[in-house]
file start.csv (CSV, C-alpha atoms)
chain,number,residue,atom,x,y,z
A,12,MET,CA,1.2,-33.4,-10.8
A,13,VAL,CA,1.3,-37.1,-11.4
A,14,MET,CA,-0.6,-40.0,-9.8
A,15,GLY,CA,0.1,-40.1,-6.1
A,16,SER,CA,0.9,-36.4,-5.9
A,17,GLY,CA,-2.0,-34.3,-4.7
A,18,LEU,CA,-3.1,-30.8,-3.7
A,19,ILE,CA,-1.5,-31.0,-0.2
A,20,ASP,CA,1.8,-32.0,-1.9
A,21,PHE,CA,1.6,-28.9,-4.1
A,22,VAL,CA,0.7,-26.6,-1.1
A,23,ASN,CA,3.6,-28.0,0.9
A,24,TYR,CA,5.9,-27.4,-2.1
A,25,LEU,CA,4.8,-23.8,-2.2
A,26,GLU,CA,5.6,-23.5,1.5
A,27,SER,CA,9.1,-24.9,0.8
A,28,LEU,CA,9.6,-22.2,-1.8
A,29,ALA,CA,8.6,-19.6,0.8
A,30,ALA,CA,11.2,-21.0,3.1
A,31,LYS,CA,13.9,-21.0,0.5
A,32,HIS,CA,13.3,-17.6,-1.0
A,33,VAL,CA,15.8,-15.1,0.5
A,34,ASP,CA,13.3,-12.3,0.6
A,35,VAL,CA,10.5,-14.3,2.3
A,36,LYS,CA,12.5,-16.6,4.6
A,37,HIS,CA,9.5,-18.4,5.9
A,38,ASP,CA,10.1,-20.5,9.1
A,39,ALA,CA,6.9,-21.8,10.7
A,40,LYS,CA,8.2,-21.2,14.2
A,41,SER,CA,10.5,-18.2,14.2
A,42,HIS,CA,9.4,-16.2,11.1
A,43,PRO,CA,6.0,-17.3,9.7
A,44,ALA,CA,5.6,-15.9,6.2
A,45,PHE,CA,3.4,-18.5,4.6
A,46,VAL,CA,-0.4,-18.5,5.2
A,47,ARG,CA,-3.1,-20.9,4.0
A,48,PHE,CA,-6.6,-19.5,3.5
A,49,TYR,CA,-9.8,-21.1,2.4
A,50,ASP,CA,-12.9,-19.6,0.9
A,51,GLY,CA,-15.0,-19.9,4.0
A,52,GLU,CA,-12.8,-17.7,6.1
A,53,ASN,CA,-13.4,-14.1,6.7
A,54,LEU,CA,-10.5,-12.9,4.7
A,55,SER,CA,-10.1,-9.5,6.4
A,56,SER,CA,-10.1,-11.0,9.9
A,57,ALA,CA,-7.8,-13.8,8.9
A,58,ILE,CA,-5.3,-11.4,7.3
A,59,ARG,CA,-5.2,-9.3,10.5
A,60,SER,CA,-4.6,-12.3,12.7
A,61,ARG,CA,-2.5,-14.6,10.6
A,62,ILE,CA,0.0,-12.4,8.6
A,63,LYS,CA,2.9,-11.9,11.0
A,64,ASN,CA,5.8,-11.1,8.6
A,65,VAL,CA,6.1,-9.6,5.1
A,66,PRO,CA,6.8,-10.2,2.4
A,67,CYS,CA,4.8,-13.4,2.7
A,68,ILE,CA,3.1,-15.9,0.5
A,69,ILE,CA,-0.6,-16.7,0.9
A,70,VAL,CA,-2.3,-19.7,-0.7
A,71,LYS,CA,-6.0,-19.2,-1.3
A,72,ASP,CA,-8.7,-21.6,-2.4
A,73,TYR,CA,-8.8,-23.5,-5.7
A,74,ASP,CA,-11.3,-24.7,-8.3
A,75,PHE,CA,-11.0,-27.8,-10.4
A,76,SER,CA,-12.4,-29.3,-13.5
A,77,LEU,CA,-12.2,-32.8,-15.0
A,78,LYS,CA,-11.2,-33.6,-18.5
A,79,ASP,CA,-11.3,-36.8,-20.5
A,80,ASP,CA,-9.0,-36.4,-23.4
A,81,ARG,CA,-10.1,-39.7,-24.9
A,82,SER,CA,-7.1,-41.4,-23.2
A,83,ASP,CA,-6.9,-44.1,-20.6
A,84,ASN,CA,-6.5,-41.4,-17.9
A,85,LEU,CA,-8.8,-38.9,-16.3
A,86,HIS,CA,-7.3,-35.5,-15.9
A,87,LYS,CA,-8.1,-33.1,-13.0
A,88,GLU,CA,-7.0,-29.5,-13.5
A,89,ARG,CA,-6.8,-27.4,-10.4
A,90,GLU,CA,-6.7,-23.7,-10.7
A,91,ILE,CA,-4.9,-22.4,-7.6
A,92,GLU,CA,-4.4,-18.9,-6.4
A,93,PHE,CA,-1.4,-17.7,-4.4
A,94,LEU,CA,-0.5,-14.1,-3.5
A,95,VAL,CA,2.8,-12.5,-2.6
A,96,VAL,CA,2.1,-9.6,-0.3
A,97,ASP,CA,4.0,-6.8,1.5
A,98,LYS,CA,3.0,-3.9,3.7
A,99,LEU,CA,3.1,-0.1,3.4
A,100,GLY,CA,2.8,2.5,6.1
A,101,ARG,CA,-0.1,4.9,6.5
A,102,ASN,CA,1.3,7.7,4.4
A,103,ALA,CA,2.3,5.6,1.4
A,104,SER,CA,2.3,7.3,-2.0
A,105,MET,CA,1.2,5.8,-5.3
A,106,ASN,CA,4.9,5.4,-6.1
A,107,ASP,CA,5.3,3.3,-2.8
A,108,VAL,CA,2.4,1.1,-3.9
A,109,TYR,CA,4.0,0.5,-7.3
A,110,ALA,CA,7.3,-0.3,-5.6
A,111,VAL,CA,5.5,-3.0,-3.5
A,112,TRP,CA,3.8,-4.3,-6.6
A,113,ASP,CA,7.3,-4.5,-8.3
A,114,LEU,CA,8.8,-6.4,-5.4
A,115,THR,CA,5.9,-8.8,-5.0
A,116,GLU,CA,5.8,-9.5,-8.7
A,117,GLU,CA,9.5,-10.1,-8.7
A,118,ILE,CA,9.2,-12.6,-5.8
A,119,GLY,CA,6.2,-14.4,-7.5
A,120,ASP,CA,7.9,-14.5,-10.9
A,121,GLU,CA,11.0,-16.0,-9.3
A,122,CYS,CA,8.8,-18.7,-7.6
A,123,LEU,CA,7.3,-19.5,-11.0
A,124,VAL,CA,10.8,-19.8,-12.6
A,125,LYS,CA,11.9,-22.1,-9.7
A,126,MET,CA,8.8,-24.3,-10.3
A,127,LYS,CA,9.8,-24.5,-14.0
A,128,ALA,CA,13.4,-25.4,-13.0
A,129,ASP,CA,12.2,-28.0,-10.5
A,130,LYS,CA,10.0,-29.5,-13.2
A,131,ARG,CA,12.9,-29.7,-15.6
A,132,SER,CA,15.1,-31.4,-13.0
A,133,MET,CA,12.2,-34.0,-12.4
A,134,GLY,CA,13.0,-33.8,-8.7
A,135,HIS,CA,9.7,-32.4,-7.5
A,136,LEU,CA,6.6,-34.4,-8.3
A,137,PRO,CA,4.1,-31.6,-7.3
A,138,VAL,CA,5.2,-29.5,-10.3
A,139,ILE,CA,5.9,-32.3,-12.8
A,140,ASP,CA,2.8,-31.2,-14.9
A,141,PHE,CA,3.1,-27.5,-14.2
A,142,ASN,CA,2.9,-25.3,-17.3
A,143,LEU,CA,3.6,-21.5,-17.4
A,144,ASN,CA,1.0,-21.1,-20.2
A,145,GLY,CA,-2.1,-19.6,-18.7
A,146,VAL,CA,-0.6,-18.3,-15.5
A,147,ARG,CA,-2.3,-15.0,-14.6
A,148,GLY,CA,-0.9,-12.3,-12.4
A,149,VAL,CA,-2.8,-9.3,-11.0
A,150,PRO,CA,-1.6,-6.5,-8.7
A,151,VAL,CA,-3.9,-6.3,-5.7
A,152,ASP,CA,-4.8,-4.1,-2.7
A,153,LEU,CA,-5.9,-6.3,0.1
A,154,GLU,CA,-7.6,-3.3,1.7
A,155,VAL,CA,-6.5,-4.5,5.1
A,156,ASN,CA,-3.5,-3.2,7.2
A,157,GLY,CA,-1.8,-1.5,4.2
A,158,LEU,CA,-1.1,-4.8,2.5
A,159,TYR,CA,-0.5,-4.9,-1.3
A,160,GLY,CA,0.7,-7.6,-3.5
A,161,THR,CA,0.5,-9.7,-6.6
A,162,SER,CA,-2.0,-12.5,-7.1
A,163,TYR,CA,-1.1,-15.5,-9.3
A,164,THR,CA,-3.5,-18.0,-10.6
A,165,LEU,CA,-2.0,-21.2,-12.1
A,166,ARG,CA,-3.2,-24.6,-13.3
A,167,ILE,CA,-1.8,-27.8,-11.9
A,168,SER,CA,-2.9,-31.1,-13.5
A,169,THR,CA,-3.2,-34.5,-12.0
A,170,SER,CA,-4.1,-37.7,-13.8
A,171,ARG,CA,-5.5,-41.0,-12.7
A,172,SER,CA,-6.6,-44.2,-14.3
A,173,THR,CA,-10.3,-44.4,-15.3
A,174,SER,CA,-10.5,-47.9,-13.8
A,175,PRO,CA,-12.5,-47.8,-10.6
A,176,ASP,CA,-10.5,-48.8,-7.4
A,177,PRO,CA,-11.9,-52.3,-6.5
A,178,ASN,CA,-11.3,-51.5,-2.8
A,179,LYS,CA,-13.8,-48.7,-2.9
A,180,TRP,CA,-16.7,-50.7,-4.3
A,181,GLU,CA,-18.8,-53.6,-3.0
A,182,GLU,CA,-19.9,-55.8,-5.9
call {"tool": "encode", "arguments": {"input": "start.csv", "output": "structure tokens"}}
result
Amino acid sequence: MVMGSGLIDFVNYLESLAAKHVDVKHDAKSHPAFVRFYDGENLSSAIRSRIKNVPCIIVKDYDFSLKDDRSDNLHKEREIEFLVVDKLGRNASMNDVYAVWDLTEEIGDECLVKMKADKRSMGHLPVIDFNLNGVRGVPVDLEVNGLYGTSYTLRISTSRSTSPDPNKWEE
């Protein structure tokens, strides 16, 4: 991300991907398939009450670190986790689980490829500093309601000047 493009811009961008992907088809009113969680929530309870349609994309919490690469800019690197989940019935076999993992991995990978394409086109500021290096994916069992999926962790960078904002300081 570049100056002026923040975390909320990136999360909104992920929501737009959920709306555009033909397998997810997120629509906030008629077909909610995008959920935002934060670390303080009881995840099991939130999953039961907030996931209405599958497959869906869940954005979880994030961590960040600051770097000074001896340049004129301060770099903030956010590590953000999102999951693509789907649901199985009660009598699901291991082959069914692997099929859901294949599907959710395919959706997530396609989202990453779209991010890369949007970065290339320079039309989407939230992914302008997105890099596929370091993206991690892990198959997961959410252990609630038969939900399985793939968790992706990626890094998004922002930069800002190291000059203090004079409007924020009384001198």
call {"tool": "residues_around", "arguments": {"input": "start.csv", "residues": "stretch 148-150 of chain A", "least_positions_apart": "2", "cutoff": "9 Å", "atoms": "all atoms listed in the file", "output": "number ranges by chain"}}
result
A: 112, 115-116, 119, 146, 152, 159-165
call {"tool": "write_last_selection", "arguments": {"input": "start.csv", "atoms": "C-alpha atoms", "output": "mmCIF file, in the frame of the given file"}}
result
data_model
loop_
_atom_site.group_PDB
_atom_site.id
_atom_site.type_symbol
_atom_site.label_atom_id
_atom_site.label_comp_id
_atom_site.auth_asym_id
_atom_site.auth_seq_id
_atom_site.Cartn_x
_atom_site.Cartn_y
_atom_site.Cartn_z
ATOM 1 C CA TRP A 112 3.800 -4.300 -6.600
ATOM 2 C CA THR A 115 5.900 -8.800 -5.000
ATOM 3 C CA GLU A 116 5.800 -9.500 -8.700
ATOM 4 C CA GLY A 119 6.200 -14.400 -7.500
ATOM 5 C CA VAL A 146 -0.600 -18.300 -15.500
ATOM 6 C CA ASP A 152 -4.800 -4.100 -2.700
ATOM 7 C CA TYR A 159 -0.500 -4.900 -1.300
ATOM 8 C CA GLY A 160 0.700 -7.600 -3.500
ATOM 9 C CA THR A 161 0.500 -9.700 -6.600
ATOM 10 C CA SER A 162 -2.000 -12.500 -7.100
ATOM 11 C CA TYR A 163 -1.100 -15.500 -9.300
ATOM 12 C CA THR A 164 -3.500 -18.000 -10.600
ATOM 13 C CA LEU A 165 -2.000 -21.200 -12.100
#
call {"tool": "atom_distance", "arguments": {"input": "start.csv", "atom1": "atom CA of A:Lys127", "atom2": "atom CA of A:Asp83"}}
result
26.6 Å
call {"tool": "atom_distance", "arguments": {"input": "start.csv", "atom1": "atom CA of A:Gly145", "atom2": "atom CA of A:Lys130"}}
result
16.6 Å
call {"tool": "closest_residue", "arguments": {"input": "start.csv", "among": "A:Asn144, A:Asn106, A:Ser132, A:Asn84", "to": "A:Arg171", "atoms": "all atoms listed in the file"}}
result
A:Asn84
call {"tool": "closest_residue", "arguments": {"input": "start.csv", "among": "A:Ile62, A:Ala57, A:Val70, A:Ala103", "to": "A:Glu26", "atoms": "only C-alpha atoms"}}
result
A:Val70
call {"tool": "closest_residue", "arguments": {"input": "start.csv", "among": "A:Ile167, A:Ile58, A:Val155, A:Val96", "to": "A:Ser76", "atoms": "only C-alpha atoms"}}
result
A:Ile167
call {"tool": "residues_around", "arguments": {"input": "start.csv", "residues": "A:Lys125", "least_positions_apart": "3", "cutoff": "12 Å", "atoms": "only C-alpha atoms", "output": "list of chain:residue names"}}
result
A:Tyr24, A:Leu25, A:Ser27, A:Leu28, A:Ala29, A:Lys31, A:His32, A:Ile118, A:Gly119, A:Asp120, A:Glu121, A:Cys122, A:Ala128, A:Asp129, A:Lys130, A:Arg131, A:Ser132, A:Gly134, A:His135, A:Val138, A:Phe141, A:Leu143
call {"tool": "atom_distance", "arguments": {"input": "start.csv", "atom1": "atom CA of A:Leu114", "atom2": "atom CA of A:Asp74"}}
result
27.3 Å
call {"tool": "residues_around", "arguments": {"input": "start.csv", "residues": "stretch 98-101 of chain A", "least_positions_apart": "4", "cutoff": "9 Å", "atoms": "all atoms listed in the file", "output": "PDB file with C-alpha atoms, keeping the file's coordinate frame"}}
result
ATOM      1  CA  VAL A  65       6.100  -9.600   5.100  1.00  0.00           C
ATOM      2  CA  PRO A  66       6.800 -10.200   2.400  1.00  0.00           C
ATOM      3  CA  ASP A 107       5.300   3.300  -2.800  1.00  0.00           C
ATOM      4  CA  VAL A 108       2.400   1.100  -3.900  1.00  0.00           C
ATOM      5  CA  VAL A 111       5.500  -3.000  -3.500  1.00  0.00           C
ATOM      6  CA  ASN A 156      -3.500  -3.200   7.200  1.00  0.00           C
ATOM      7  CA  GLY A 157      -1.800  -1.500   4.200  1.00  0.00           C
ATOM      8  CA  LEU A 158      -1.100  -4.800   2.500  1.00  0.00           C
ATOM      9  CA  TYR A 159      -0.500  -4.900  -1.300  1.00  0.00           C
ATOM     10  CA  GLY A 160       0.700  -7.600  -3.500  1.00  0.00           C
TER      11      GLY A 160
END
call {"tool": "closest_residue", "arguments": {"input": "start.csv", "among": "A:Asn102, A:Ser56, A:Ser168, A:Asn178", "to": "A:Arg89", "atoms": "all atoms listed in the file"}}
result
A:Ser168
call {"tool": "residues_around", "arguments": {"input": "start.csv", "residues": "A:Leu54", "least_positions_apart": "4", "cutoff": "10 Å", "atoms": "all atoms listed in the file", "output": "MDAnalysis selection string"}}
result
chainID A and resid 48:50 58:60 71 153 155
call {"tool": "closest_residue", "arguments": {"input": "start.csv", "among": "A:Phe45, A:Ser170, A:Ala39, A:Leu123", "to": "A:Asn142", "atoms": "all atoms listed in the file"}}
result
A:Leu123
call {"tool": "residues_around", "arguments": {"input": "start.csv", "residues": "A:His42", "least_positions_apart": "5", "cutoff": "8 Å", "atoms": "all atoms listed in the file", "output": "tab-separated table (two decimals) with C-alpha atoms, keeping the file's coordinate frame"}}
result
chain	number	residue	atom	x	y	z
A	36	LYS	CA	12.50	-16.60	4.60
A	37	HIS	CA	9.50	-18.40	5.90
A	63	LYS	CA	2.90	-11.90	11.00
A	64	ASN	CA	5.80	-11.10	8.60
call {"tool": "closest_residue", "arguments": {"input": "start.csv", "among": "A:Ser55, A:His86, A:Val95, A:Glu117", "to": "A:Ile69", "atoms": "only C-alpha atoms"}}
result
A:Val95
call {"tool": "decode", "arguments": {"input": "start.csv", "residues": "stretch 64-83 of chain A", "atoms": "N, CA, C and O atoms", "output": "mmCIF file, in the first residue's frame"}}
result
data_model
loop_
_atom_site.group_PDB
_atom_site.id
_atom_site.type_symbol
_atom_site.label_atom_id
_atom_site.label_comp_id
_atom_site.auth_asym_id
_atom_site.auth_seq_id
_atom_site.Cartn_x
_atom_site.Cartn_y
_atom_site.Cartn_z
ATOM 1 N N ASN A 64 -23.414 -17.841 4.516
ATOM 2 C CA ASN A 64 -23.299 -18.492 3.219
ATOM 3 C C ASN A 64 -21.866 -18.975 3.024
ATOM 4 O O ASN A 64 -20.925 -18.330 3.477
ATOM 5 N N VAL A 65 -21.725 -20.103 2.334
ATOM 6 C CA VAL A 65 -20.406 -20.632 2.020
ATOM 7 C C VAL A 65 -20.366 -20.996 0.544
ATOM 8 O O VAL A 65 -21.414 -21.287 -0.036
ATOM 9 N N PRO A 66 -19.206 -20.967 -0.090
ATOM 10 C CA PRO A 66 -17.947 -20.545 0.502
ATOM 11 C C PRO A 66 -17.971 -19.058 0.856
ATOM 12 O O PRO A 66 -18.712 -18.282 0.249
ATOM 13 N N CYS A 67 -17.167 -18.714 1.845
ATOM 14 C CA CYS A 67 -17.062 -17.316 2.243
ATOM 15 C C CYS A 67 -15.615 -16.982 2.576
ATOM 16 O O CYS A 67 -14.782 -17.875 2.749
ATOM 17 N N ILE A 68 -15.366 -15.698 2.644
ATOM 18 C CA ILE A 68 -14.032 -15.202 2.997
ATOM 19 C C ILE A 68 -14.135 -14.523 4.348
ATOM 20 O O ILE A 68 -15.032 -13.705 4.577
ATOM 21 N N ILE A 69 -13.224 -14.879 5.230
ATOM 22 C CA ILE A 69 -13.157 -14.312 6.574
ATOM 23 C C ILE A 69 -11.842 -13.552 6.692
ATOM 24 O O ILE A 69 -10.788 -14.085 6.364
ATOM 25 N N VAL A 70 -11.914 -12.320 7.168
ATOM 26 C CA VAL A 70 -10.695 -11.562 7.457
ATOM 27 C C VAL A 70 -10.521 -11.559 8.959
ATOM 28 O O VAL A 70 -11.438 -11.193 9.707
ATOM 29 N N LYS A 71 -9.361 -12.022 9.385
ATOM 30 C CA LYS A 71 -9.070 -12.060 10.818
ATOM 31 C C LYS A 71 -8.198 -10.878 11.190
ATOM 32 O O LYS A 71 -8.060 -9.927 10.437
ATOM 33 N N ASP A 72 -7.593 -10.970 12.341
ATOM 34 C CA ASP A 72 -6.781 -9.889 12.857
ATOM 35 C C ASP A 72 -5.463 -9.762 12.098
ATOM 36 O O ASP A 72 -5.205 -10.477 11.146
ATOM 37 N N TYR A 73 -4.656 -8.832 12.538
ATOM 38 C CA TYR A 73 -3.378 -8.602 11.888
ATOM 39 C C TYR A 73 -2.345 -8.192 12.930
ATOM 40 O O TYR A 73 -2.665 -7.797 14.039
ATOM 41 N N ASP A 74 -1.092 -8.329 12.544
ATOM 42 C CA ASP A 74 0.037 -7.829 13.313
ATOM 43 C C ASP A 74 0.773 -6.858 12.414
ATOM 44 O O ASP A 74 0.624 -6.888 11.191
ATOM 45 N N PHE A 75 1.594 -6.013 13.021
ATOM 46 C CA PHE A 75 2.427 -5.164 12.181
ATOM 47 C C PHE A 75 3.768 -4.922 12.832
ATOM 48 O O PHE A 75 3.940 -5.084 14.035
ATOM 49 N N SER A 76 4.720 -4.581 11.993
ATOM 50 C CA SER A 76 6.045 -4.197 12.464
ATOM 51 C C SER A 76 6.479 -2.978 11.664
ATOM 52 O O SER A 76 5.963 -2.718 10.577
ATOM 53 N N LEU A 77 7.397 -2.248 12.228
ATOM 54 C CA LEU A 77 7.920 -1.058 11.565
ATOM 55 C C LEU A 77 9.358 -1.316 11.161
ATOM 56 O O LEU A 77 10.112 -1.969 11.879
ATOM 57 N N LYS A 78 9.728 -0.770 10.012
ATOM 58 C CA LYS A 78 11.093 -0.915 9.526
ATOM 59 C C LYS A 78 11.599 0.436 9.064
ATOM 60 O O LYS A 78 10.842 1.226 8.501
ATOM 61 N N ASP A 79 12.845 0.668 9.307
ATOM 62 C CA ASP A 79 13.522 1.849 8.790
ATOM 63 C C ASP A 79 14.666 1.341 7.935
ATOM 64 O O ASP A 79 15.682 0.890 8.447
ATOM 65 N N ASP A 80 14.463 1.375 6.639
ATOM 66 C CA ASP A 80 15.474 0.855 5.713
ATOM 67 C C ASP A 80 16.491 1.922 5.331
ATOM 68 O O ASP A 80 16.978 1.957 4.211
ATOM 69 N N ARG A 81 16.772 2.808 6.287
ATOM 70 C CA ARG A 81 17.720 3.899 6.062
ATOM 71 C C ARG A 81 17.310 4.750 4.866
ATOM 72 O O ARG A 81 18.151 5.231 4.113
ATOM 73 N N SER A 82 16.030 4.898 4.711
ATOM 74 C CA SER A 82 15.524 5.751 3.635
ATOM 75 C C SER A 82 14.790 6.920 4.273
ATOM 76 O O SER A 82 14.787 7.076 5.480
ATOM 77 N N ASP A 83 14.177 7.713 3.454
ATOM 78 C CA ASP A 83 13.416 8.849 3.970
ATOM 79 C C ASP A 83 12.025 8.448 4.427
ATOM 80 O O ASP A 83 11.268 9.277 4.890
#
